[in-house]
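Note: the block below is start-v2.txt and it holds compact mmCIF, C-alpha atoms.
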# COMPACT_ATOMS: atom_id res chain seq x y z
CA MET A 1 -67.42 -29.41 2.07
CA SER A 2 -64.85 -31.37 0.08
CA PRO A 3 -61.42 -29.84 -0.64
CA ARG A 4 -62.50 -29.38 -4.25
CA ASP A 5 -65.59 -27.42 -3.19
CA LEU A 6 -63.50 -25.29 -0.82
CA PHE A 7 -61.06 -24.52 -3.62
CA GLY A 8 -63.87 -23.56 -5.97
CA ALA A 9 -65.49 -21.32 -3.37
CA ALA A 10 -62.13 -19.63 -2.75
CA LEU A 11 -61.68 -18.94 -6.48
CA ARG A 12 -65.15 -17.47 -6.71
CA GLY A 13 -64.43 -15.29 -3.70
CA LEU A 14 -61.25 -13.93 -5.31
CA GLY A 15 -63.01 -13.38 -8.62
CA ALA A 16 -65.71 -11.33 -6.95
CA ASN A 17 -63.14 -8.60 -6.13
CA LYS A 18 -60.74 -8.67 -9.07
CA LEU A 19 -59.13 -5.26 -8.51
CA ARG A 20 -58.53 -5.92 -4.82
CA SER A 21 -57.09 -9.35 -5.58
CA LEU A 22 -54.85 -7.83 -8.27
CA LEU A 23 -53.43 -5.23 -5.87
CA THR A 24 -52.71 -7.91 -3.27
CA VAL A 25 -50.97 -10.08 -5.85
CA LEU A 26 -48.93 -7.07 -6.94
CA GLY A 27 -47.77 -6.37 -3.37
CA VAL A 28 -46.62 -9.96 -2.84
CA SER A 29 -44.97 -10.16 -6.29
CA ILE A 30 -42.91 -7.04 -5.58
CA GLY A 31 -41.60 -8.60 -2.38
CA VAL A 32 -40.76 -11.95 -4.00
CA GLY A 33 -39.18 -10.32 -7.05
CA ALA A 34 -37.12 -7.98 -4.87
CA VAL A 35 -35.71 -10.86 -2.83
CA ILE A 36 -34.69 -12.84 -5.92
CA VAL A 37 -33.23 -9.87 -7.83
CA LEU A 38 -31.29 -8.38 -4.91
CA VAL A 39 -29.80 -11.75 -4.01
CA ALA A 40 -28.87 -12.17 -7.69
CA VAL A 41 -27.23 -8.71 -7.73
CA GLY A 42 -25.23 -9.50 -4.59
CA ASN A 43 -24.19 -12.84 -6.02
CA GLY A 44 -23.29 -11.26 -9.36
CA SER A 45 -21.19 -8.58 -7.68
CA GLY A 46 -19.27 -11.21 -5.73
CA LYS A 47 -18.76 -13.31 -8.84
CA ALA A 48 -17.41 -10.34 -10.81
CA VAL A 49 -14.77 -9.65 -8.17
CA GLN A 50 -13.97 -13.35 -7.88
CA ASP A 51 -13.56 -13.72 -11.65
CA GLN A 52 -11.23 -10.73 -11.78
CA LEU A 53 -9.06 -12.04 -8.95
CA GLU A 54 -8.99 -15.54 -10.39
CA ALA A 55 -8.08 -14.10 -13.79
CA MET A 56 -5.05 -12.49 -12.16
CA GLY A 57 -4.14 -15.83 -10.60
CA THR A 58 -4.60 -17.19 -7.11
CA ASN A 59 -0.85 -17.72 -6.74
CA LEU A 60 0.04 -14.04 -7.03
CA LEU A 61 1.83 -11.96 -4.41
CA THR A 62 2.23 -8.19 -4.58
CA VAL A 63 4.91 -6.53 -2.47
CA SER A 64 4.78 -2.85 -1.61
CA THR A 65 6.27 -0.81 1.20
CA THR A 66 4.76 1.12 4.08
CA GLY A 67 8.07 2.52 5.21
CA GLY A 68 8.57 5.32 2.73
CA GLY A 69 9.28 3.43 -0.46
CA GLY A 70 7.08 2.55 -3.39
CA GLY A 71 5.84 4.82 -6.12
CA PHE A 72 7.00 8.26 -7.20
CA GLN A 73 5.56 10.25 -4.32
CA ARG A 74 7.35 13.39 -3.33
CA GLY A 75 7.98 14.52 0.18
CA GLN A 76 9.30 11.15 1.35
CA ALA A 77 12.65 11.75 2.90
CA GLY A 78 14.84 10.48 5.67
CA PRO A 79 16.73 7.27 6.31
CA SER A 80 13.62 5.06 6.58
CA ALA A 81 12.34 6.17 3.18
CA GLN A 82 15.61 5.13 1.54
CA GLN A 83 16.29 2.08 3.67
CA TYR A 84 12.95 0.39 3.05
CA SER A 85 12.37 1.39 -0.56
CA LEU A 86 11.99 -1.53 -2.95
CA THR A 87 14.71 -1.80 -5.57
CA VAL A 88 15.47 -3.76 -8.73
CA ALA A 89 18.17 -5.54 -6.71
CA ASP A 90 15.41 -6.80 -4.37
CA ALA A 91 13.55 -8.21 -7.36
CA GLU A 92 16.72 -9.91 -8.62
CA ALA A 93 17.32 -11.44 -5.18
CA LEU A 94 13.77 -12.78 -5.06
CA SER A 95 14.35 -14.42 -8.45
CA ASP A 96 17.18 -16.52 -6.97
CA ASP A 97 15.99 -20.15 -6.68
CA ARG A 98 18.32 -20.75 -3.74
CA LEU A 99 16.96 -17.83 -1.71
CA ALA A 100 13.29 -18.24 -2.65
CA PRO A 101 12.72 -21.74 -4.06
CA ASP A 102 8.93 -21.43 -4.09
CA VAL A 103 8.94 -18.26 -6.21
CA ALA A 104 8.32 -18.95 -9.91
CA ALA A 105 8.52 -15.46 -11.43
CA VAL A 106 9.32 -11.93 -10.29
CA ALA A 107 8.52 -8.65 -12.01
CA PRO A 108 9.62 -5.25 -10.66
CA VAL A 109 7.02 -2.54 -11.29
CA MET A 110 7.25 1.23 -11.55
CA THR A 111 4.17 3.30 -12.33
CA SER A 112 3.55 6.73 -13.74
CA THR A 113 0.90 8.58 -15.74
CA GLY A 114 1.17 10.35 -19.03
CA THR A 115 -0.56 11.71 -22.09
CA ALA A 116 -0.34 9.60 -25.24
CA THR A 117 -0.77 11.29 -28.61
CA ASN A 118 -1.28 10.03 -32.13
CA GLY A 119 -1.18 13.00 -34.47
CA ASP A 120 -3.94 15.34 -33.28
CA THR A 121 -5.51 12.69 -31.05
CA SER A 122 -4.48 12.61 -27.41
CA TYR A 123 -5.47 10.37 -24.52
CA THR A 124 -4.51 10.48 -20.85
CA VAL A 125 -3.19 7.07 -19.84
CA ASN A 126 -4.17 6.55 -16.20
CA GLN A 127 -1.39 4.07 -15.59
CA VAL A 128 1.92 3.71 -17.37
CA ILE A 129 3.59 0.56 -16.05
CA GLY A 130 7.29 -0.03 -16.37
CA THR A 131 8.17 -3.68 -15.84
CA THR A 132 9.78 -6.79 -17.31
CA PRO A 133 8.36 -9.53 -19.60
CA GLU A 134 7.54 -11.70 -16.56
CA TYR A 135 4.78 -9.27 -15.59
CA MET A 136 2.39 -10.34 -18.35
CA PRO A 137 2.14 -14.08 -17.57
CA ALA A 138 2.37 -13.50 -13.81
CA THR A 139 -0.66 -11.19 -13.81
CA ASN A 140 -2.48 -13.01 -16.61
CA THR A 141 -2.22 -10.02 -18.94
CA PRO A 142 -1.93 -11.56 -22.41
CA VAL A 143 -1.29 -9.69 -25.65
CA ALA A 144 -4.26 -9.92 -28.01
CA ASN A 145 -2.62 -8.33 -31.06
CA GLY A 146 1.05 -8.05 -31.88
CA ARG A 147 3.65 -9.27 -29.39
CA ALA A 148 5.08 -8.50 -25.96
CA PHE A 149 8.47 -6.93 -25.45
CA THR A 150 11.49 -9.09 -24.55
CA GLU A 151 14.40 -9.05 -22.10
CA GLN A 152 16.52 -7.61 -24.89
CA ASP A 153 14.10 -4.67 -25.09
CA VAL A 154 14.59 -4.16 -21.35
CA ASP A 155 18.36 -4.39 -21.62
CA THR A 156 18.49 -1.87 -24.47
CA SER A 157 15.82 0.46 -23.01
CA ALA A 158 13.84 0.06 -26.23
CA ARG A 159 11.12 2.64 -26.71
CA VAL A 160 8.31 0.18 -27.24
CA VAL A 161 4.87 0.05 -25.65
CA LEU A 162 1.92 -2.27 -25.13
CA LEU A 163 -1.46 -0.52 -25.08
CA GLY A 164 -4.65 -1.52 -23.29
CA GLN A 165 -7.81 -1.93 -25.34
CA THR A 166 -9.29 1.40 -24.27
CA ALA A 167 -6.09 3.34 -24.89
CA ALA A 168 -5.63 1.75 -28.33
CA THR A 169 -9.24 2.45 -29.30
CA GLU A 170 -9.09 6.08 -28.18
CA LEU A 171 -5.86 6.69 -30.11
CA PHE A 172 -6.46 4.67 -33.27
CA GLY A 173 -10.20 3.97 -33.48
CA ARG A 174 -9.62 0.22 -33.65
CA PRO A 175 -7.22 -1.75 -31.44
CA THR A 176 -5.92 -3.78 -34.39
CA SER A 177 -4.85 -0.57 -36.13
CA ALA A 178 -2.45 0.34 -33.34
CA VAL A 179 0.14 -2.42 -33.86
CA GLY A 180 3.20 -1.13 -35.70
CA GLN A 181 2.24 2.52 -35.26
CA THR A 182 4.16 5.18 -33.35
CA ILE A 183 2.78 7.29 -30.54
CA LYS A 184 4.20 9.95 -28.28
CA LEU A 185 4.12 9.21 -24.57
CA GLY A 186 4.91 12.54 -23.05
CA ALA A 187 7.52 13.95 -25.42
CA VAL A 188 9.04 10.58 -26.37
CA ASP A 189 8.21 8.45 -29.40
CA PHE A 190 7.20 4.84 -28.70
CA ALA A 191 6.54 2.04 -31.17
CA VAL A 192 3.37 0.07 -30.43
CA LEU A 193 4.39 -3.58 -30.25
CA GLY A 194 1.01 -4.97 -29.25
CA VAL A 195 -2.42 -4.45 -27.77
CA LEU A 196 -3.37 -6.17 -24.52
CA ALA A 197 -6.40 -8.44 -24.21
CA SER A 198 -9.49 -6.78 -22.78
CA LYS A 199 -10.10 -7.03 -19.04
CA ASP A 200 -13.40 -6.74 -17.23
CA THR A 201 -13.97 -3.40 -15.55
CA THR A 202 -14.89 -3.63 -11.86
CA GLY A 203 -14.66 -0.48 -9.82
CA PHE A 204 -13.84 3.07 -10.84
CA THR A 205 -10.57 2.45 -12.72
CA ASP A 206 -10.56 1.11 -16.25
CA PRO A 207 -7.90 -1.65 -16.41
CA ASN A 208 -7.83 -1.31 -20.20
CA ALA A 209 -6.67 2.33 -20.07
CA MET A 210 -3.06 1.41 -19.42
CA ALA A 211 0.26 1.24 -21.19
CA ILE A 212 3.14 -1.13 -20.39
CA VAL A 213 6.74 -0.33 -21.30
CA PRO A 214 10.11 -1.84 -20.35
CA ILE A 215 11.07 -0.69 -16.86
CA SER A 216 14.45 0.59 -18.06
CA THR A 217 12.70 2.73 -20.68
CA LEU A 218 10.29 4.22 -18.15
CA ARG A 219 13.19 5.07 -15.86
CA ALA A 220 15.13 6.71 -18.66
CA THR A 221 12.26 8.71 -20.15
CA GLN A 222 9.76 9.49 -17.39
CA ALA A 223 10.09 8.12 -13.90
CA GLY A 224 13.75 8.56 -13.18
CA TYR A 225 15.68 6.12 -11.03
CA GLY A 226 13.58 6.20 -7.89
CA ALA A 227 12.16 3.32 -5.90
CA LEU A 228 9.89 0.64 -7.29
CA SER A 229 6.16 0.99 -6.84
CA GLN A 230 5.84 -2.71 -6.13
CA ILE A 231 7.18 -6.14 -6.95
CA VAL A 232 4.84 -8.71 -8.48
CA ILE A 233 5.63 -12.30 -7.55
CA GLN A 234 4.16 -15.52 -8.88
CA ALA A 235 4.39 -18.51 -6.55
CA ALA A 236 5.39 -21.85 -7.99
CA ASP A 237 1.95 -23.27 -7.19
CA LYS A 238 -1.27 -22.07 -5.59
CA ASP A 239 -0.61 -24.46 -2.70
CA LYS A 240 2.78 -22.83 -2.07
CA VAL A 241 1.60 -19.22 -1.86
CA ASP A 242 1.93 -19.03 1.92
CA THR A 243 5.39 -20.61 1.79
CA ALA A 244 6.48 -18.20 -0.95
CA GLN A 245 5.13 -15.29 1.09
CA ALA A 246 7.18 -16.37 4.10
CA GLU A 247 10.32 -16.63 1.94
CA VAL A 248 9.74 -13.16 0.47
CA THR A 249 9.18 -11.64 3.91
CA GLN A 250 12.30 -13.24 5.34
CA LEU A 251 14.47 -12.24 2.40
CA LEU A 252 13.33 -8.60 2.31
CA THR A 253 13.62 -8.28 6.08
CA ALA A 254 17.21 -9.52 5.92
CA ARG A 255 18.16 -7.39 2.91
CA HIS A 256 16.82 -4.18 4.46
CA GLN A 257 18.00 -5.02 7.98
CA VAL A 258 14.61 -4.58 9.59
CA PRO A 259 14.94 -4.89 13.39
CA ALA A 260 13.08 -7.82 14.94
CA THR A 261 11.25 -5.43 17.29
CA GLN A 262 9.93 -3.30 14.43
CA THR A 263 6.74 -3.86 12.48
CA SER A 264 7.53 -5.00 8.96
CA PRO A 265 7.67 -2.04 6.55
CA PHE A 266 6.61 -4.32 3.69
CA ARG A 267 3.02 -5.04 2.75
CA ILE A 268 2.62 -8.38 0.97
CA THR A 269 -0.77 -8.89 -0.63
CA ASN A 270 -1.81 -12.48 -1.10
CA SER A 271 -4.35 -12.87 -3.92
CA ALA A 272 -5.76 -16.04 -2.35
CA GLN A 273 -6.46 -14.15 0.88
CA ILE A 274 -8.04 -11.30 -1.08
CA LEU A 275 -10.24 -13.82 -2.89
CA GLN A 276 -11.41 -15.35 0.38
CA THR A 277 -12.05 -11.93 1.89
CA SER A 278 -14.01 -10.81 -1.16
CA GLN A 279 -16.11 -13.98 -1.02
CA ASP A 280 -16.89 -13.40 2.66
CA THR A 281 -17.73 -9.76 1.96
CA ALA A 282 -19.95 -10.71 -0.97
CA ALA A 283 -21.80 -13.25 1.18
CA THR A 284 -22.42 -10.62 3.87
CA PHE A 285 -23.52 -8.11 1.24
CA THR A 286 -25.91 -10.62 -0.32
CA ALA A 287 -27.38 -11.52 3.06
CA LEU A 288 -27.91 -7.81 3.80
CA LEU A 289 -29.67 -7.28 0.47
CA ALA A 290 -31.85 -10.34 1.06
CA THR A 291 -32.80 -9.05 4.51
CA VAL A 292 -33.77 -5.67 3.10
CA ALA A 293 -35.81 -7.33 0.37
CA ALA A 294 -37.50 -9.63 2.89
CA ILE A 295 -38.99 -6.57 4.54
CA SER A 296 -41.01 -5.96 1.39
CA LEU A 297 -42.35 -9.51 1.69
CA ILE A 298 -43.53 -8.72 5.21
CA VAL A 299 -45.17 -5.55 3.90
CA GLY A 300 -46.89 -7.68 1.27
CA GLY A 301 -48.05 -10.03 4.01
CA ILE A 302 -49.55 -7.15 5.95
CA GLY A 303 -51.35 -6.21 2.76
CA VAL A 304 -52.78 -9.73 2.57
CA THR A 305 -54.05 -9.39 6.14
CA ASN A 306 -55.71 -6.05 5.45
CA ILE A 307 -57.35 -7.21 2.25
CA MET A 308 -58.64 -10.41 3.84
CA LEU A 309 -60.00 -8.49 6.85
CA VAL A 310 -61.91 -6.22 4.48
CA THR A 311 -63.14 -9.29 2.60
CA VAL A 312 -64.36 -10.93 5.81
CA THR A 313 -66.16 -7.73 6.84
CA GLU A 314 -67.90 -7.44 3.46
CA ARG A 315 -68.96 -11.09 3.47
CA THR A 316 -70.14 -11.26 7.08
CA ARG A 317 -73.79 -11.82 6.11
CA GLU A 318 -72.75 -14.52 3.63
CA ILE A 319 -70.80 -16.26 6.39
CA GLY A 320 -73.82 -16.02 8.69
CA ILE A 321 -76.13 -17.55 6.08
CA ARG A 322 -73.70 -20.40 5.39
CA LYS A 323 -73.35 -21.13 9.10
CA ALA A 324 -77.13 -21.01 9.57
CA LEU A 325 -77.41 -23.59 6.79
CA GLY A 326 -74.96 -25.89 8.58
CA ALA A 327 -71.52 -24.89 7.31
CA ARG A 328 -68.87 -25.99 9.78
CA ARG A 329 -66.17 -23.77 11.30
CA ARG A 330 -63.37 -25.64 9.52
CA ALA A 331 -65.08 -25.11 6.13
CA ILE A 332 -65.18 -21.33 6.63
CA LEU A 333 -61.62 -21.36 7.99
CA GLY A 334 -60.35 -23.46 5.10
CA GLN A 335 -61.96 -21.29 2.43
CA PHE A 336 -60.41 -18.05 3.67
CA LEU A 337 -57.01 -19.68 4.22
CA ILE A 338 -57.10 -20.99 0.66
CA GLU A 339 -57.98 -17.53 -0.63
CA ALA A 340 -55.07 -15.90 1.21
CA THR A 341 -52.65 -18.64 0.14
CA LEU A 342 -53.75 -18.44 -3.49
CA LEU A 343 -53.19 -14.69 -3.50
CA SER A 344 -49.67 -15.18 -2.16
CA LEU A 345 -48.83 -18.06 -4.51
CA ILE A 346 -50.02 -16.16 -7.57
CA GLY A 347 -48.07 -13.11 -6.38
CA GLY A 348 -45.03 -15.32 -5.83
CA ALA A 349 -45.29 -16.77 -9.34
CA VAL A 350 -45.59 -13.30 -10.86
CA GLY A 351 -42.62 -12.12 -8.78
CA VAL A 352 -40.47 -15.05 -9.93
CA ILE A 353 -41.29 -14.40 -13.60
CA ALA A 354 -40.54 -10.68 -13.21
CA ALA A 355 -37.24 -11.47 -11.46
CA LEU A 356 -36.20 -13.86 -14.24
CA ILE A 357 -36.81 -11.12 -16.81
CA VAL A 358 -35.08 -8.34 -14.84
CA SER A 359 -32.05 -10.53 -14.07
CA ARG A 360 -31.25 -10.76 -17.77
CA PHE A 361 -30.12 -7.13 -17.72
CA GLN A 362 -27.23 -5.44 -15.94
CA LEU A 363 -28.18 -3.52 -12.81
CA ALA A 364 -25.85 -0.77 -11.55
CA GLY A 365 -23.13 -2.19 -13.78
CA VAL A 366 -23.50 -5.70 -12.31
CA GLN A 367 -24.79 -8.73 -14.18
CA PRO A 368 -27.11 -10.51 -11.72
CA VAL A 369 -26.46 -14.21 -11.16
CA LEU A 370 -29.62 -16.07 -10.20
CA VAL A 371 -29.45 -18.43 -7.25
CA PRO A 372 -31.97 -21.30 -7.71
CA SER A 373 -32.30 -21.73 -3.96
CA SER A 374 -33.37 -18.08 -3.59
CA ILE A 375 -36.17 -18.64 -6.13
CA ALA A 376 -37.46 -21.71 -4.29
CA LEU A 377 -37.09 -19.99 -0.92
CA ALA A 378 -38.85 -16.78 -2.01
CA PHE A 379 -41.70 -18.77 -3.56
CA GLY A 380 -42.02 -20.94 -0.46
CA VAL A 381 -41.96 -17.90 1.81
CA SER A 382 -44.72 -16.30 -0.26
CA ALA A 383 -46.94 -19.34 0.44
CA ALA A 384 -46.05 -19.16 4.14
CA VAL A 385 -46.89 -15.45 4.11
CA GLY A 386 -50.35 -16.26 2.81
CA LEU A 387 -50.95 -18.90 5.48
CA PHE A 388 -49.53 -16.81 8.32
CA PHE A 389 -51.03 -13.44 7.50
CA GLY A 390 -54.27 -14.95 6.26
CA SER A 391 -54.84 -17.00 9.40
CA MET A 392 -56.10 -14.11 11.53
CA PRO A 393 -58.82 -13.01 9.09
CA ALA A 394 -59.74 -16.67 8.48
CA HIS A 395 -60.09 -17.39 12.21
CA ARG A 396 -62.13 -14.21 12.58
CA ALA A 397 -64.49 -15.35 9.84
CA ALA A 398 -64.76 -18.87 11.23
CA GLY A 399 -65.43 -17.58 14.74
CA LEU A 400 -68.43 -15.42 13.83
CA ARG A 401 -71.71 -16.43 15.47
CA PRO A 402 -74.49 -16.95 12.88
CA ILE A 403 -76.91 -14.62 14.67
CA ASP A 404 -74.34 -11.81 14.88
CA ALA A 405 -73.31 -12.31 11.27
CA LEU A 406 -76.92 -12.17 10.03
CA ARG A 407 -77.49 -8.90 11.90
CA HIS A 408 -74.45 -7.28 10.22
CA GLU A 409 -75.30 -4.44 7.83
Reformat the file's structure so that it appears as structure tokens.
Amino acid sequence: MSPRDLFGAALRGLGANKLRSLLTVLGVSIGVGAVIVLVAVGNGSGKAVQDQLEAMGTNLLTVSTTGGGGGFQRGQAGPSAQQYSLTVADAEALSDDRLAPDVAAVAPVMTSTGTATNGDTSYTVNQVIGTTPEYMPATNTPVANGRAFTEQDVDTSARVVLLGQTAATELFGRPTSAVGQTIKLGAVDFAVLGVLASKDTTGFTDPNAMAIVPISTLRATQAGYGALSQIVIQAADKDKVDTAQAEVTQLLTARHQVPATQTSPFRITNSAQILQTSQDTAATFTALLATVAAISLIVGGIGVTNIMLVTVTERTREIGIRKALGARRRAILGQFLIEATLLSLIGGAVGVIAALIVSRFQLAGVQPVLVPSSIALAFGVSAAVGLFFGSMPAHRAAGLRPIDALRHE
């Protein structure tokens, strides 16, 4: 038989059992669609984290302490807690071009929480940040409406505040309505100077539910004069982050007289390193998801085998008649291989279309990002599944002896 005749015979064979063929196609399509969608979800999750880190800047360093300082936690006492606590003087020293030439900007940070009220409306601000004007450009936190506070506001402990989008919306209904208004943060009145630009939410904490005030104001009204929570540092260039980190470590070690034999009490987070780690983690996560999804492809392949074995059994007499009339082994083999491959290819096409539709929607809060190579790979694997899992039934059909096949009931 010619290839065209074999193809036509295969189509007729599939059409003779439409429901069975449909179920086989469905099994393969689920496997192919799962591979594409899960890889897209893993890729989308990694991209979301990467975008957030890149939005903050890849030349950002964050200094905190492991030796008792940082934050407004109670119960930290003793010489080490005081000796290694970060101070505003540390931030000023890091701003010195002679001591840290590769540091472009420094912002001391204190954090607290509080309840903001506007008349009868109240909202719990999950993070009240006290800092200096350098914090906004260093962390890529622009003001969308209004303006940021100035060094003069810090020097005079001005009671002014910048609200995140969520906080402004909860208090005023619309973020644009907040500028120029007055709110109470705790028991203190604050004038709203501006509303921060919206940030993407990744994780359990809403980055838009914050308020930023001058650090001197936070100290005077809420946090007291304790240690800094952290110091945010912007390197002069993304290629000088490691050099800036070394300068910061050396300067803080000298200022706090950390013994050479002691582990550094300061934790310096490098955003470039975090980005690389997140990319590696995302790649591992995506590979894991793809592996899990590939199992469903194998299950679909087993389904192809079962269906084709049933088909061979039902058509045993037909095979015997064809062989008695002179049909060659390769013709029988080719027909059943084509049937199995067609089932897998159709299932693969359906799976790809379904994955393209599903990937347009957010899944578990993640916007899937399709990877073209995963589509081609999943479709190719579906064809290979048909050939591999269809080969056993095809060889069984081709190996039947005409006399035995004709005797089959």
>> Quick check, in Å to one decimal: how far apart do CA of Ala235 (chain A) and CA of Thr132 (chain A) lie?
In response: 16.8 Å
>> From the options A:Val35, A:Val154, A:Ala107, A:Leu162, which residue's atoms come nearest to Pro142 (chain A), counting all atoms listed in the file?
In response: A:Leu162
> If I put a ball of radius 10 Å at (-24.4, -7.5, 1.7) in the file's coordinates, which residues poke into it when counting only C-alpha atoms, written as a ChimeraX atom specification?
Replying inline: /A:38-39,41-43,45-46,280-292
Restricted to C-alpha atoms, what would the selected residues look like written as a CSV table (one decimal), keeping the file's coordinate frame?
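Ended up saving to selection-v1.csv:
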chain,number,residue,atom,x,y,z
A,38,LEU,CA,-31.3,-8.4,-4.9
A,39,VAL,CA,-29.8,-11.8,-4.0
A,41,VAL,CA,-27.2,-8.7,-7.7
A,42,GLY,CA,-25.2,-9.5,-4.6
A,43,ASN,CA,-24.2,-12.8,-6.0
A,45,SER,CA,-21.2,-8.6,-7.7
A,46,GLY,CA,-19.3,-11.2,-5.7
A,280,ASP,CA,-16.9,-13.4,2.7
A,281,THR,CA,-17.7,-9.8,2.0
A,282,ALA,CA,-20.0,-10.7,-1.0
A,283,ALA,CA,-21.8,-13.2,1.2
A,284,THR,CA,-22.4,-10.6,3.9
A,285,PHE,CA,-23.5,-8.1,1.2
A,286,THR,CA,-25.9,-10.6,-0.3
A,287,ALA,CA,-27.4,-11.5,3.1
A,288,LEU,CA,-27.9,-7.8,3.8
A,289,LEU,CA,-29.7,-7.3,0.5
A,290,ALA,CA,-31.8,-10.3,1.1
A,291,THR,CA,-32.8,-9.0,4.5
A,292,VAL,CA,-33.8,-5.7,3.1
> Quick one: residues within 12 Å of Pro372 (chain A), all atoms listed in the file counted, chain neighbours fewer than 4 positions away excluded, as a PyMOL selection string?
Replying inline: chain A and resi 36-37+39-40+43+352+355-356+376-379
Please list as a tab-separated table (two decimals) with C-alpha atoms, in the coordinates of the input every residue within 9 Å of Leu99 (chain A), counting all atoms listed in the file and excluding residues in the same chain fewer than 4 positions away.
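Produced file result-v6.tsv, reproduced below:
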chain	number	residue	atom	x	y	z
A	93	ALA	CA	17.32	-11.44	-5.18
A	94	LEU	CA	13.77	-12.78	-5.06
A	95	SER	CA	14.35	-14.42	-8.45
A	247	GLU	CA	10.32	-16.63	1.94
A	248	VAL	CA	9.74	-13.16	0.47
A	251	LEU	CA	14.47	-12.24	2.40
